[in-house]
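Asks: This one is query.cif, mmCIF, C-alpha atoms.
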data_work
#
loop_
_atom_site.label_atom_id
_atom_site.label_comp_id
_atom_site.auth_asym_id
_atom_site.auth_seq_id
_atom_site.Cartn_x
_atom_site.Cartn_y
_atom_site.Cartn_z
CA MET O 157 126.78 79.33 102.58
CA LYS O 158 125.51 76.09 104.07
CA THR O 159 126.94 73.96 101.32
CA THR O 160 130.32 75.63 101.76
CA LEU O 161 130.63 75.07 105.49
CA GLN O 162 129.07 71.71 106.22
CA PRO O 163 131.22 69.24 104.22
CA THR O 164 134.43 70.30 106.00
CA ILE O 165 133.03 70.14 109.54
CA PRO O 166 133.88 66.90 111.37
CA LEU O 167 131.01 65.29 113.23
CA GLN O 168 132.93 63.51 116.00
CA PRO O 169 134.27 65.35 119.06
CA GLU O 170 137.62 63.62 118.67
CA ALA O 171 137.93 64.92 115.12
CA VAL O 172 137.21 68.47 116.25
CA ALA O 173 139.84 68.10 118.97
CA GLN O 174 142.52 67.03 116.52
CA LYS O 175 141.64 68.97 113.38
CA THR O 176 141.49 72.70 112.79
CA VAL O 177 138.20 73.65 111.11
CA TYR O 178 139.59 76.06 108.51
CA ALA O 179 136.22 76.64 106.84
CA ILE O 180 134.89 78.17 110.03
CA LEU O 181 138.12 80.03 110.82
CA PHE O 182 138.24 81.74 107.44
CA THR O 183 134.51 82.47 107.50
CA ILE O 184 134.66 84.10 110.93
CA SER O 185 137.80 85.91 109.75
CA PHE O 186 135.84 87.22 106.75
CA SER O 187 133.11 88.39 109.12
CA HIS O 188 135.80 90.11 111.20
CA LEU O 189 137.03 91.77 108.00
CA LEU O 190 133.57 93.16 107.27
CA ASN O 191 133.04 94.26 110.89
CA ASP O 192 136.35 96.08 111.21
CA MET O 193 136.10 97.54 107.70
CA LEU O 194 132.88 99.25 108.78
CA GLN O 195 134.44 100.36 112.06
CA SER O 196 137.48 101.83 110.27
CA VAL O 197 135.26 104.06 108.13
CA VAL O 198 134.80 106.32 111.18
CA PRO O 199 138.40 107.57 111.57
CA ALA O 200 138.88 107.50 107.79
CA ILE O 201 136.33 110.28 107.30
CA TYR O 202 137.64 112.54 110.07
CA PRO O 203 139.20 114.97 107.55
CA LEU O 204 135.80 115.24 105.85
CA PHE O 205 134.01 115.92 109.14
CA LYS O 206 136.69 118.37 110.28
CA GLU O 207 136.35 120.40 107.11
CA ARG O 208 132.54 120.23 106.84
CA PHE O 209 131.68 120.91 110.49
CA ASN O 210 134.83 122.83 111.43
CA PHE O 211 135.62 120.40 114.26
CA SER O 212 138.65 120.89 116.48
CA PHE O 213 141.11 118.07 117.13
CA THR O 214 139.56 117.79 120.59
CA GLN O 215 136.14 117.10 119.03
CA ILE O 216 137.70 114.55 116.67
CA GLY O 217 139.25 112.87 119.70
CA LEU O 218 135.90 112.87 121.51
CA ILE O 219 134.25 111.12 118.57
CA THR O 220 136.87 108.38 118.80
CA PHE O 221 136.56 108.30 122.59
CA THR O 222 132.78 107.80 122.37
CA PHE O 223 133.14 105.22 119.61
CA GLN O 224 135.84 103.21 121.34
CA SER O 225 134.32 103.54 124.81
CA THR O 226 131.04 101.96 123.76
CA ALA O 227 133.05 99.30 121.94
CA SER O 228 135.14 98.60 125.04
CA LEU O 229 132.98 98.97 128.14
CA LEU O 230 130.46 96.29 127.20
CA GLN O 231 132.91 93.66 125.95
CA PRO O 232 134.06 92.14 129.26
CA PHE O 233 130.43 91.90 130.43
CA VAL O 234 129.33 90.36 127.14
CA GLY O 235 132.21 87.88 127.36
CA PHE O 236 131.51 87.03 131.00
CA TYR O 237 127.82 86.42 130.26
CA THR O 238 128.38 84.35 127.13
CA ASP O 239 131.02 82.20 128.86
CA ARG O 240 128.15 81.00 131.04
CA LYS O 241 125.35 81.18 128.46
CA PRO O 242 126.68 81.24 124.88
CA ARG O 243 124.50 83.15 122.43
CA PRO O 244 125.49 82.02 118.91
CA PHE O 245 123.16 84.43 117.12
CA SER O 246 124.33 87.46 119.09
CA LEU O 247 126.96 87.89 116.36
CA SER O 248 124.37 88.83 113.76
CA ILE O 249 122.47 90.97 116.30
CA GLY O 250 125.64 92.96 116.96
CA MET O 251 126.06 93.59 113.26
CA CYS O 252 122.50 94.99 113.15
CA PHE O 253 123.62 97.69 115.60
CA ALA O 254 126.55 98.52 113.32
CA LEU O 255 124.16 98.77 110.36
CA MET O 256 121.93 101.24 112.21
CA GLY O 257 125.00 103.29 113.17
CA LEU O 258 126.22 103.46 109.57
CA ILE O 259 122.86 104.68 108.29
CA MET O 260 122.71 107.34 111.00
CA LEU O 261 126.32 108.41 110.31
CA SER O 262 125.53 108.95 106.62
CA VAL O 263 122.87 111.56 107.44
CA ALA O 264 124.16 113.00 110.76
CA SER O 265 124.11 116.79 110.68
CA SER O 266 125.53 117.64 114.10
CA PHE O 267 128.23 116.64 116.55
CA THR O 268 125.63 115.02 118.83
CA LEU O 269 124.14 112.88 116.07
CA ILE O 270 127.61 111.76 115.01
CA LEU O 271 128.31 110.68 118.60
CA CYS O 272 125.04 108.71 118.65
CA ALA O 273 125.89 107.04 115.35
CA VAL O 274 129.38 105.95 116.39
CA SER O 275 127.95 104.73 119.73
CA LEU O 276 125.68 102.31 117.89
CA MET O 277 128.63 101.08 115.83
CA GLY O 278 130.67 100.66 119.01
CA ILE O 279 127.91 98.60 120.64
CA GLY O 280 127.88 96.32 117.60
CA SER O 281 131.62 95.79 117.90
CA SER O 282 131.38 95.05 121.62
CA ILE O 283 128.88 92.25 120.94
CA PHE O 284 130.82 90.84 117.99
CA HIS O 285 134.32 90.33 119.38
CA PRO O 286 133.91 88.10 122.48
CA GLU O 287 131.65 85.53 120.80
CA SER O 288 133.60 85.52 117.52
CA SER O 289 136.82 84.91 119.48
CA ARG O 290 135.16 81.88 121.07
CA VAL O 291 134.16 80.59 117.62
CA ALA O 292 137.81 80.85 116.53
CA TYR O 293 138.92 79.07 119.72
CA LEU O 294 136.37 76.28 119.21
CA ALA O 295 137.48 75.78 115.59
CA SER O 296 141.22 75.96 116.38
CA GLY O 297 141.83 72.24 116.89
CA GLY O 298 144.44 73.19 119.50
CA LYS O 299 146.31 75.61 117.18
CA LYS O 300 145.23 78.62 119.19
CA GLY O 301 147.88 81.05 117.97
CA LEU O 302 147.23 80.18 114.33
CA ALA O 303 143.46 80.41 114.82
CA GLN O 304 143.71 83.79 116.54
CA SER O 305 146.02 85.07 113.80
CA ILE O 306 143.59 84.01 111.06
CA PHE O 307 140.79 85.69 112.99
CA GLN O 308 142.83 88.85 113.57
CA LEU O 309 143.98 88.89 109.95
CA GLY O 310 140.40 89.46 108.87
CA GLY O 311 139.98 92.33 111.30
CA ASN O 312 143.21 94.05 110.36
CA ALA O 313 142.60 93.55 106.65
CA GLY O 314 139.19 95.15 107.10
CA SER O 315 140.76 98.03 109.02
CA ALA O 316 143.11 98.57 106.08
CA ILE O 317 140.46 98.31 103.38
CA GLY O 318 138.02 100.67 105.12
CA PRO O 319 140.09 103.87 104.70
CA LEU O 320 140.91 102.92 101.10
CA LEU O 321 137.23 102.50 100.23
CA ALA O 322 136.40 105.70 102.13
CA ALA O 323 138.99 107.54 100.03
CA LEU O 324 137.39 106.20 96.83
CA ILE O 325 133.70 106.42 97.79
CA VAL O 326 133.12 108.93 100.61
CA ILE O 327 135.84 111.59 100.38
CA PRO O 328 135.14 112.53 96.71
CA TYR O 329 131.33 112.39 96.88
CA GLY O 330 130.38 113.34 100.41
CA GLN O 331 129.09 112.07 103.73
CA PHE O 332 125.86 110.47 102.46
CA TYR O 333 127.86 107.91 100.47
CA ILE O 334 128.75 106.23 103.77
CA ILE O 335 125.41 104.48 103.33
CA TRP O 336 126.92 102.23 100.64
CA PHE O 337 128.85 100.47 103.40
CA SER O 338 125.52 99.21 104.72
CA LEU O 339 125.66 96.58 101.94
CA ALA O 340 128.73 95.10 103.64
CA ALA O 341 126.87 95.12 106.97
CA ILE O 342 123.93 93.22 105.44
CA LEU O 343 126.34 90.67 103.93
CA ALA O 344 128.00 90.26 107.34
CA ILE O 345 124.62 89.65 108.99
CA LEU O 346 123.85 86.85 106.52
CA VAL O 347 127.29 85.25 107.01
CA LEU O 348 127.05 85.49 110.79
CA ILE O 349 123.66 83.78 110.81
CA GLN O 350 125.36 80.77 109.17
CA ILE O 351 128.24 80.94 111.66
CA GLY O 352 125.67 81.05 114.47
CA LYS O 353 124.07 77.84 113.18
CA TRP O 354 127.45 76.05 113.17
CA TYR O 355 128.33 77.43 116.59
CA LYS O 356 125.01 76.35 118.08
CA GLY O 357 125.44 72.84 116.69
CA HIS O 358 128.96 72.43 118.09
CA LEU O 359 128.74 73.98 121.55
CA HIS O 360 128.50 70.50 123.11
CA LEU O 361 131.97 69.63 121.75
CA LYS O 362 133.68 72.20 123.95
CA MET O 363 133.53 70.05 127.07
CA LYS O 364 134.39 66.86 125.18
CA ASN O 365 137.44 68.25 123.44
CA PRO O 366 140.58 66.66 124.98
CA VAL O 367 142.73 69.54 123.78
CA ALA O 368 140.44 72.06 125.47
CA THR O 369 140.24 69.89 128.60
CA GLN O 370 144.02 69.81 128.88
CA ALA O 371 144.14 73.59 128.45
CA GLU O 372 141.63 73.96 131.32
CA LYS O 373 144.34 72.83 133.77
CA GLY O 374 146.20 76.08 133.29
CA PRO O 375 149.91 76.90 133.77
CA GLY O 376 150.02 76.14 137.52
CA LEU O 377 150.66 79.71 138.69
CA SER O 378 149.39 81.25 141.91
CA LYS O 379 146.40 83.57 141.72
CA LYS O 380 148.61 86.54 142.63
CA ARG O 381 151.05 85.72 139.82
CA VAL O 382 148.21 85.37 137.33
CA ILE O 383 146.82 88.78 138.33
CA ILE O 384 150.26 90.39 138.04
CA SER O 385 150.79 88.78 134.62
CA LEU O 386 147.40 89.96 133.37
CA SER O 387 148.20 93.46 134.63
CA ILE O 388 151.48 93.46 132.70
CA LEU O 389 149.65 92.36 129.56
CA LEU O 390 147.13 95.19 129.98
CA VAL O 391 149.95 97.72 130.36
CA LEU O 392 151.44 96.38 127.13
CA ILE O 393 148.04 96.76 125.47
CA PHE O 394 148.01 100.36 126.72
CA SER O 395 151.38 101.13 125.09
CA LYS O 396 150.44 99.43 121.84
CA TYR O 397 146.98 100.95 121.40
CA PHE O 398 147.89 104.44 122.56
CA TYR O 399 150.48 104.44 119.80
CA MET O 400 148.03 102.85 117.35
CA ALA O 401 145.54 105.64 118.21
CA SER O 402 148.05 108.23 117.06
CA MET O 403 148.40 106.42 113.74
CA THR O 404 144.79 105.50 112.99
CA SER O 405 143.25 108.82 114.08
CA TYR O 406 145.98 111.37 113.29
CA PHE O 407 148.46 109.94 110.78
CA THR O 408 146.50 111.48 107.90
CA PHE O 409 146.55 114.88 109.62
CA PHE O 410 150.28 114.50 110.31
CA LEU O 411 150.97 113.82 106.63
CA ILE O 412 148.73 116.66 105.45
CA ASN O 413 150.23 119.11 107.93
CA LYS O 414 153.89 118.21 107.46
CA PHE O 415 154.09 117.22 103.79
CA HIS O 416 151.00 119.01 102.36
CA VAL O 417 149.65 115.88 100.67
CA SER O 418 145.98 115.68 99.65
CA VAL O 419 143.34 113.96 101.78
CA GLN O 420 143.11 111.07 99.31
CA GLN O 421 146.90 110.64 99.26
CA SER O 422 146.98 110.59 103.05
CA GLN O 423 144.30 107.88 103.06
CA LEU O 424 146.39 105.77 100.69
CA TYR O 425 149.40 106.08 103.01
CA LEU O 426 147.18 105.14 105.95
CA PHE O 427 146.05 102.11 103.95
CA GLY O 428 149.72 101.13 103.57
CA PHE O 429 150.20 101.25 107.33
CA LEU O 430 147.03 99.28 108.04
CA ALA O 431 147.86 96.69 105.37
CA ALA O 432 151.21 96.22 107.13
CA VAL O 433 149.30 95.75 110.40
CA ALA O 434 147.27 92.98 108.73
CA ALA O 435 150.44 91.29 107.49
CA GLY O 436 152.07 91.47 110.91
CA THR O 437 149.05 89.84 112.50
CA VAL O 438 149.50 86.74 110.32
CA ILE O 439 153.12 86.47 111.43
CA GLY O 440 152.59 86.88 115.18
CA GLY O 441 150.28 83.96 115.98
CA PRO O 442 152.18 81.07 114.34
CA LEU O 443 155.53 82.43 115.57
CA GLY O 444 154.09 82.56 119.09
CA ASP O 445 152.94 78.93 118.78
CA ARG O 446 156.42 77.90 117.67
CA PHE O 447 158.87 80.04 119.67
CA GLY O 448 156.85 81.15 122.70
CA ARG O 449 154.39 83.98 122.98
CA LYS O 450 156.36 85.91 125.57
CA TYR O 451 159.23 86.47 123.15
CA ILE O 452 156.95 87.51 120.31
CA ILE O 453 155.28 90.04 122.63
CA TRP O 454 158.68 91.37 123.68
CA ILE O 455 160.01 91.73 120.13
CA SER O 456 156.77 93.20 118.83
CA ILE O 457 156.41 96.05 121.32
CA LEU O 458 159.92 96.90 122.48
CA GLY O 459 161.43 96.04 119.10
CA VAL O 460 159.39 98.68 117.30
CA ALA O 461 160.78 101.55 119.43
CA PRO O 462 163.74 102.50 117.17
CA PHE O 463 161.39 102.98 114.23
CA THR O 464 158.76 104.99 116.15
CA LEU O 465 161.51 107.26 117.50
CA LEU O 466 162.74 107.98 113.95
CA LEU O 467 159.38 108.51 112.24
CA PRO O 468 158.65 112.15 113.29
CA TYR O 469 161.99 113.42 111.93
CA VAL O 470 162.31 111.97 108.40
CA GLY O 471 160.99 112.88 104.95
CA LEU O 472 157.80 111.65 103.31
CA MET O 473 159.29 108.53 101.69
CA TRP O 474 160.95 107.34 104.88
CA THR O 475 157.87 108.25 106.91
CA VAL O 476 155.80 105.87 104.79
CA ILE O 477 158.49 103.15 104.88
CA LEU O 478 158.87 103.41 108.66
CA ALA O 479 155.08 103.37 109.10
CA ILE O 480 154.90 100.09 107.18
CA ILE O 481 157.74 98.58 109.26
CA ILE O 482 156.05 99.74 112.46
CA GLY O 483 152.73 98.26 111.33
CA VAL O 484 154.24 94.83 110.66
CA ILE O 485 156.16 94.63 113.94
CA ILE O 486 153.70 96.14 116.41
CA SER O 487 150.69 94.19 115.14
CA SER O 488 152.28 90.79 115.75
CA ALA O 489 151.76 91.24 119.50
CA PHE O 490 147.99 91.14 119.93
CA SER O 491 147.35 87.53 118.91
CA ALA O 492 150.20 86.40 121.17
CA ILE O 493 148.93 88.56 124.06
CA LEU O 494 145.38 87.27 123.76
CA VAL O 495 146.35 83.57 123.57
CA TYR O 496 148.85 84.04 126.42
CA ALA O 497 146.05 85.57 128.53
CA THR O 498 143.60 82.75 127.76
CA ASP O 499 146.31 80.27 128.81
CA LEU O 500 146.66 82.14 132.11
CA VAL O 501 142.90 81.95 132.77
CA PRO O 502 141.69 78.75 131.09
CA GLY O 503 138.01 78.19 130.45
CA LYS O 504 137.22 81.92 130.25
CA VAL O 505 137.82 82.63 126.57
CA GLY O 506 134.84 84.99 126.20
CA MET O 507 135.63 87.01 129.32
CA ILE O 508 139.35 87.32 128.49
CA ALA O 509 138.66 88.19 124.85
CA GLY O 510 136.09 90.77 125.98
CA LEU O 511 138.50 92.23 128.54
CA PHE O 512 141.43 92.54 126.15
CA PHE O 513 139.48 93.65 123.08
CA GLY O 514 137.56 96.04 125.29
CA PHE O 515 140.67 97.42 126.96
CA ALA O 516 142.36 97.77 123.57
CA PHE O 517 139.44 99.74 122.15
CA GLY O 518 139.16 101.74 125.36
CA MET O 519 142.82 102.72 125.25
CA GLY O 520 142.39 103.65 121.60
CA GLY O 521 139.47 105.90 122.54
CA VAL O 522 141.15 107.52 125.54
CA GLY O 523 144.34 107.90 123.52
CA SER O 524 142.56 109.63 120.65
CA ALA O 525 140.78 112.04 123.00
CA LEU O 526 143.95 112.97 124.90
CA LEU O 527 146.07 113.18 121.77
CA GLY O 528 143.45 115.36 120.05
CA TRP O 529 143.49 117.73 123.05
CA LEU O 530 147.32 117.73 123.00
CA ALA O 531 147.36 118.45 119.25
CA ASP O 532 145.11 121.50 119.77
CA LYS O 533 147.36 122.75 122.58
CA THR O 534 150.66 122.10 120.77
CA SER O 535 150.86 120.58 117.27
CA ILE O 536 150.19 117.30 115.50
CA GLY O 537 153.95 116.87 115.04
CA TYR O 538 154.52 117.13 118.79
CA VAL O 539 151.95 114.38 119.36
CA PHE O 540 153.98 111.99 117.23
CA GLN O 541 157.21 112.94 118.97
CA ILE O 542 155.69 112.10 122.38
CA CYS O 543 154.00 108.87 121.24
CA ALA O 544 157.28 107.62 119.80
CA PHE O 545 158.42 106.70 123.34
CA LEU O 546 155.42 104.49 124.18
CA PRO O 547 156.88 101.21 122.83
CA LEU O 548 159.73 101.47 125.35
CA ILE O 549 157.19 100.27 127.92
CA GLY O 550 157.59 96.86 126.25
CA ILE O 551 160.62 96.23 128.46
CA ILE O 552 158.27 95.03 131.24
CA THR O 553 157.54 91.92 129.15
CA GLY O 554 160.58 90.44 130.88
CA PHE O 555 158.51 90.05 134.06
CA LEU O 556 156.04 87.66 132.41
CA PRO O 557 156.43 83.95 133.36
CA ASN O 558 157.41 81.45 130.68
CA ILE O 559 154.18 79.50 130.86
CA GLU O 560 154.87 77.51 127.68
CA HIS O 561 157.78 75.83 129.46
CA LYS O 562 155.67 75.08 132.52
CA LYS O 563 152.94 73.33 130.54
#
Output the file's structure in the form of structure tokens.
Replies:
Amino acid sequence: MKTTLQPTIPLQPEAVAQKTVYAILFTISFSHLLNDMLQSVVPAIYPLFKERFNFSFTQIGLITFTFQSTASLLQPFVGFYTDRKPRPFSLSIGMCFALMGLIMLSVASSFTLILCAVSLMGIGSSIFHPESSRVAYLASGGKKGLAQSIFQLGGNAGSAIGPLLAALIVIPYGQFYIIWFSLAAILAILVLIQIGKWYKGHLHLKMKNPVATQAEKGPGLSKKRVIISLSILLVLIFSKYFYMASMTSYFTFFLINKFHVSVQQSQLYLFGFLAAVAAGTVIGGPLGDRFGRKYIIWISILGVAPFTLLLPYVGLMWTVILAIIIGVIISSAFSAILVYATDLVPGKVGMIAGLFFGFAFGMGGVGSALLGWLADKTSIGYVFQICAFLPLIGIITGFLPNIEHKK
């Protein structure tokens, strides 16, 4: 790994300021792929757990709530702390927590043990995201939208691959085969140790980087306007990730219940949706750099509403097609939202990344718990009918300031 990374890394601060370090960006993106692939195994095996342990939808939702809560609550604090005292090797430490959670999940024999296992995986994720976002920022060379998209691409690709591998490895053979995913966790630990070495050696360039220094000046908004803008962004995250929770946690159940497909078929359709999410992530960042992040956020969230409103009422073929369209459009928002937020609060990349990743995971957890309870009280089809209206909240994007013009 050392011989791969070092030749492409410029040694002068000026070079880092002007040149995007793609070797680091794609390596941290690959680490993000491995991390989120492991995380996505949890919802992918819900049908297996539901059948084996006779869980209710409420219990399924509580598993996601526990998983996402531990992944969300720590992130802002981790980001705030590492903004002041960066910890390059915390990335590999976080992956060690995920590894322990995977091993426990493969042998868990009760609801309580499953909750403990997913908590460990959530802690690993909460450590990983703030520092890895800073690595992407440091290697961006000023192309923050592109860098965040490359970073997010890895995560979304991993989220798509996880259910596919679960369908091939875990669903046919049983819960214990989850342990094979520990090989990916060990690989991620080794890669992140190398990333940590690069990160440690280049921390001093952050303050010398003219591009970063210019960004520190901020958009010139009042503190009140910044707080209002951040609040709007968090509401948009709520609408996006509540809807995403319905898809990632319950889309397979929706397909099985409505169209009577097999568990493996439903996982393949979920893979199609998540692959579309990965593709949309690549699109969002560069388009935000070019045309303005506010407009990409607007189109991504509000623009997906016609398709979410149609999805609960069409046949299997159109359900899959609409899910893919929804995945591409709705996923293009997060990179733009995160970079927009870091522009609002310059110099706090770790804290902002922790806040937004944490809030996103938290909303996913709360959404899964509430939607699982609602599915038990009504039906899984009703859940999708209600969630279809969430993207309409995207209309509030119009209240965001055009900070790209101000800069």
Asks: Could you check how far CA of Ala432 (chain O) sits from CA of Ser487 (chain O), in Å to one decimal?
Replies: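 Computing it gives 8.3 Å between the two atoms.
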Asks: Enumerate, as an MDAnalysis selection string, the residues matched when the PyMOL selection byres ((chain O and resi 410) around 10) is run on the file above.
Replies: chainID O and resid 402:403 405:409 411:417 422 468 535:540
Asks: With all atoms listed in the file as the basis for distance, which of O:Leu294, O:Ile508, O:Ile551, O:Ile317 is at the shortest distance from Ala200 (chain O)?
Replies: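 Nearest to Ala200 (chain O): O:Ile317.
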Asks: Could you please determine the separation between CA of Ala292 (chain O) and CA of Leu247 (chain O) in Å, to one decimal place?
Replies: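 That distance, rounded to one decimal, is 12.9 Å.
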Asks: Determine the nearest neighbour of Val505 (chain O) from the options O:Thr238, O:Phe517, O:Thr214, O:Ser225, counting all atoms listed in the file.
Replies: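 Once distances to Val505 (chain O) are computed over all atoms listed in the file, the minimum belongs to O:Thr238.
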Asks: Find the spatial neighbours of Ser281 (chain O), counting all atoms listed in the file, within a cut-off of 12 Å - ignore same-chain residues fewer than 6 positions away - and output them as an MDAnalysis selection string.
Replies: chainID O and resid 187:196 223:231 234 246:255 257 274:275 287:288 311 341 510 513:514 517
Asks: Output C-alpha atoms of each residue in that selection to a file, as a PDB file, in the frame of the given file.
Replies:
ATOM      1  CA  SER O 187     133.110  88.390 109.120  1.00  0.00           C
ATOM      2  CA  HIS O 188     135.800  90.110 111.200  1.00  0.00           C
ATOM      3  CA  LEU O 189     137.030  91.770 108.000  1.00  0.00           C
ATOM      4  CA  LEU O 190     133.570  93.160 107.270  1.00  0.00           C
ATOM      5  CA  ASN O 191     133.040  94.260 110.890  1.00  0.00           C
ATOM      6  CA  ASP O 192     136.350  96.080 111.210  1.00  0.00           C
ATOM      7  CA  MET O 193     136.100  97.540 107.700  1.00  0.00           C
ATOM      8  CA  LEU O 194     132.880  99.250 108.780  1.00  0.00           C
ATOM      9  CA  GLN O 195     134.440 100.360 112.060  1.00  0.00           C
ATOM     10  CA  SER O 196     137.480 101.830 110.270  1.00  0.00           C
ATOM     11  CA  PHE O 223     133.140 105.220 119.610  1.00  0.00           C
ATOM     12  CA  GLN O 224     135.840 103.210 121.340  1.00  0.00           C
ATOM     13  CA  SER O 225     134.320 103.540 124.810  1.00  0.00           C
ATOM     14  CA  THR O 226     131.040 101.960 123.760  1.00  0.00           C
ATOM     15  CA  ALA O 227     133.050  99.300 121.940  1.00  0.00           C
ATOM     16  CA  SER O 228     135.140  98.600 125.040  1.00  0.00           C
ATOM     17  CA  LEU O 229     132.980  98.970 128.140  1.00  0.00           C
ATOM     18  CA  LEU O 230     130.460  96.290 127.200  1.00  0.00           C
ATOM     19  CA  GLN O 231     132.910  93.660 125.950  1.00  0.00           C
ATOM     20  CA  VAL O 234     129.330  90.360 127.140  1.00  0.00           C
ATOM     21  CA  SER O 246     124.330  87.460 119.090  1.00  0.00           C
ATOM     22  CA  LEU O 247     126.960  87.890 116.360  1.00  0.00           C
ATOM     23  CA  SER O 248     124.370  88.830 113.760  1.00  0.00           C
ATOM     24  CA  ILE O 249     122.470  90.970 116.300  1.00  0.00           C
ATOM     25  CA  GLY O 250     125.640  92.960 116.960  1.00  0.00           C
ATOM     26  CA  MET O 251     126.060  93.590 113.260  1.00  0.00           C
ATOM     27  CA  CYS O 252     122.500  94.990 113.150  1.00  0.00           C
ATOM     28  CA  PHE O 253     123.620  97.690 115.600  1.00  0.00           C
ATOM     29  CA  ALA O 254     126.550  98.520 113.320  1.00  0.00           C
ATOM     30  CA  LEU O 255     124.160  98.770 110.360  1.00  0.00           C
ATOM     31  CA  GLY O 257     125.000 103.290 113.170  1.00  0.00           C
ATOM     32  CA  VAL O 274     129.380 105.950 116.390  1.00  0.00           C
ATOM     33  CA  SER O 275     127.950 104.730 119.730  1.00  0.00           C
ATOM     34  CA  GLU O 287     131.650  85.530 120.800  1.00  0.00           C
ATOM     35  CA  SER O 288     133.600  85.520 117.520  1.00  0.00           C
ATOM     36  CA  GLY O 311     139.980  92.330 111.300  1.00  0.00           C
ATOM     37  CA  ALA O 341     126.870  95.120 106.970  1.00  0.00           C
ATOM     38  CA  GLY O 510     136.090  90.770 125.980  1.00  0.00           C
ATOM     39  CA  PHE O 513     139.480  93.650 123.080  1.00  0.00           C
ATOM     40  CA  GLY O 514     137.560  96.040 125.290  1.00  0.00           C
ATOM     41  CA  PHE O 517     139.440  99.740 122.150  1.00  0.00           C
TER      42      PHE O 517
END
Asks: Any idea what the distance is between CA of Asn558 (chain O) and CA of Tyr451 (chain O)?
Replies: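 Going from CA of Asn558 (chain O) over to CA of Tyr451 (chain O), I get 9.2 Å.
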Asks: On this file, the PyMOL selection byres ((chain O and resi 476-486) around 9) gives some set of residues; write that set as a ChimeraX atom specification.
Replies: /O:396,400,403,425-426,428-437,439-440,453,455-461,463-464,466-467,471-475,487-490,547
Asks: Please enumerate the residues selected by the PyMOL selection byres ((chain O and resi 523) around 8) when evaluated against the supplied file, formatted as a count of residues only.
Replies: 14
Asks: Residues within 10 Å of region 335-337 of chain O, please, as number ranges by chain. Count all atoms listed in the file; anything in the same chain fewer than 4 positions from it doesn't count.
Replies: O: 190, 193-194, 197, 255, 257-263, 318, 321-322, 325-326, 331, 341-342
Asks: Generate the output file for the selected residues, C-alpha atoms, as a PDB file, keeping the file's coordinate frame.
Replies:
ATOM      1  CA  LEU O 190     133.570  93.160 107.270  1.00  0.00           C
ATOM      2  CA  MET O 193     136.100  97.540 107.700  1.00  0.00           C
ATOM      3  CA  LEU O 194     132.880  99.250 108.780  1.00  0.00           C
ATOM      4  CA  VAL O 197     135.260 104.060 108.130  1.00  0.00           C
ATOM      5  CA  LEU O 255     124.160  98.770 110.360  1.00  0.00           C
ATOM      6  CA  GLY O 257     125.000 103.290 113.170  1.00  0.00           C
ATOM      7  CA  LEU O 258     126.220 103.460 109.570  1.00  0.00           C
ATOM      8  CA  ILE O 259     122.860 104.680 108.290  1.00  0.00           C
ATOM      9  CA  MET O 260     122.710 107.340 111.000  1.00  0.00           C
ATOM     10  CA  LEU O 261     126.320 108.410 110.310  1.00  0.00           C
ATOM     11  CA  SER O 262     125.530 108.950 106.620  1.00  0.00           C
ATOM     12  CA  VAL O 263     122.870 111.560 107.440  1.00  0.00           C
ATOM     13  CA  GLY O 318     138.020 100.670 105.120  1.00  0.00           C
ATOM     14  CA  LEU O 321     137.230 102.500 100.230  1.00  0.00           C
ATOM     15  CA  ALA O 322     136.400 105.700 102.130  1.00  0.00           C
ATOM     16  CA  ILE O 325     133.700 106.420  97.790  1.00  0.00           C
ATOM     17  CA  VAL O 326     133.120 108.930 100.610  1.00  0.00           C
ATOM     18  CA  GLN O 331     129.090 112.070 103.730  1.00  0.00           C
ATOM     19  CA  ALA O 341     126.870  95.120 106.970  1.00  0.00           C
ATOM     20  CA  ILE O 342     123.930  93.220 105.440  1.00  0.00           C
TER      21      ILE O 342
END
Asks: Have a look at O:Ile283, O:Ile180, O:Val291, O:Leu320 and name the one nearest to Gln420 (chain O); count all atoms listed in the file.
Replies: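 So, comparing all the options, the nearest one is O:Leu320.
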Asks: With only C-alpha atoms as the basis for distance, which of O:Gln308, O:Gln421, O:Gln350, O:Ser395 is at the shortest distance from Ala516 (chain O)?
Replies: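 When distances to Ala516 (chain O) are compared using only C-alpha atoms, the smallest one comes from O:Ser395.
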Asks: Measuring between all atoms listed in the file, which one of O:Arg208, O:Lys299, O:Lys380, O:Lys356 shows the shortest distance to Ser266 (chain O)?
Replies: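 Of all the options, O:Arg208 lies closest to Ser266 (chain O).
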Asks: For region 294-308 of chain O, I'd like the enclosing box, axis-aligned and padded by 5 Å on every side, reported as JSON with centre and edge lengths in Å to one decimal.
Replies:
{"center_x": 142.1, "center_y": 80.5, "center_z": 115.3, "size_x": 21.5, "size_y": 26.6, "size_z": 18.4}
Asks: Might you pull out every residue within 10 Å of Ile559 (chain O), with all atoms listed in the file counted and same-chain residues fewer than 5 positions away left off, and present them as a count of residues only?
Replies: 10
Asks: In terms of the shortest atom-to-atom distance over only C-alpha atoms, which of O:Gly235, O:Pro286, O:Gly301, O:Gly280 is closest to Gly444 (chain O)?
Replies: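 Nearest candidate to Gly444 (chain O) out of O:Gly235, O:Pro286, O:Gly301, O:Gly280: O:Gly301.
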Asks: Which residues are close to Ile384 (chain O), i.e. within 12 Å by only C-alpha atoms, leaving aside same-chain residues fewer than 4 positions away? Reply as a list in words.
Replies: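 Surrounding residues, per the criterion: Leu377, Ser378, Lys379, Lys380, Ile388, Leu389, Leu390, Val391, Ala497, Leu500, Ile552, Thr553, Phe555, Leu556 and Pro557 of chain O.
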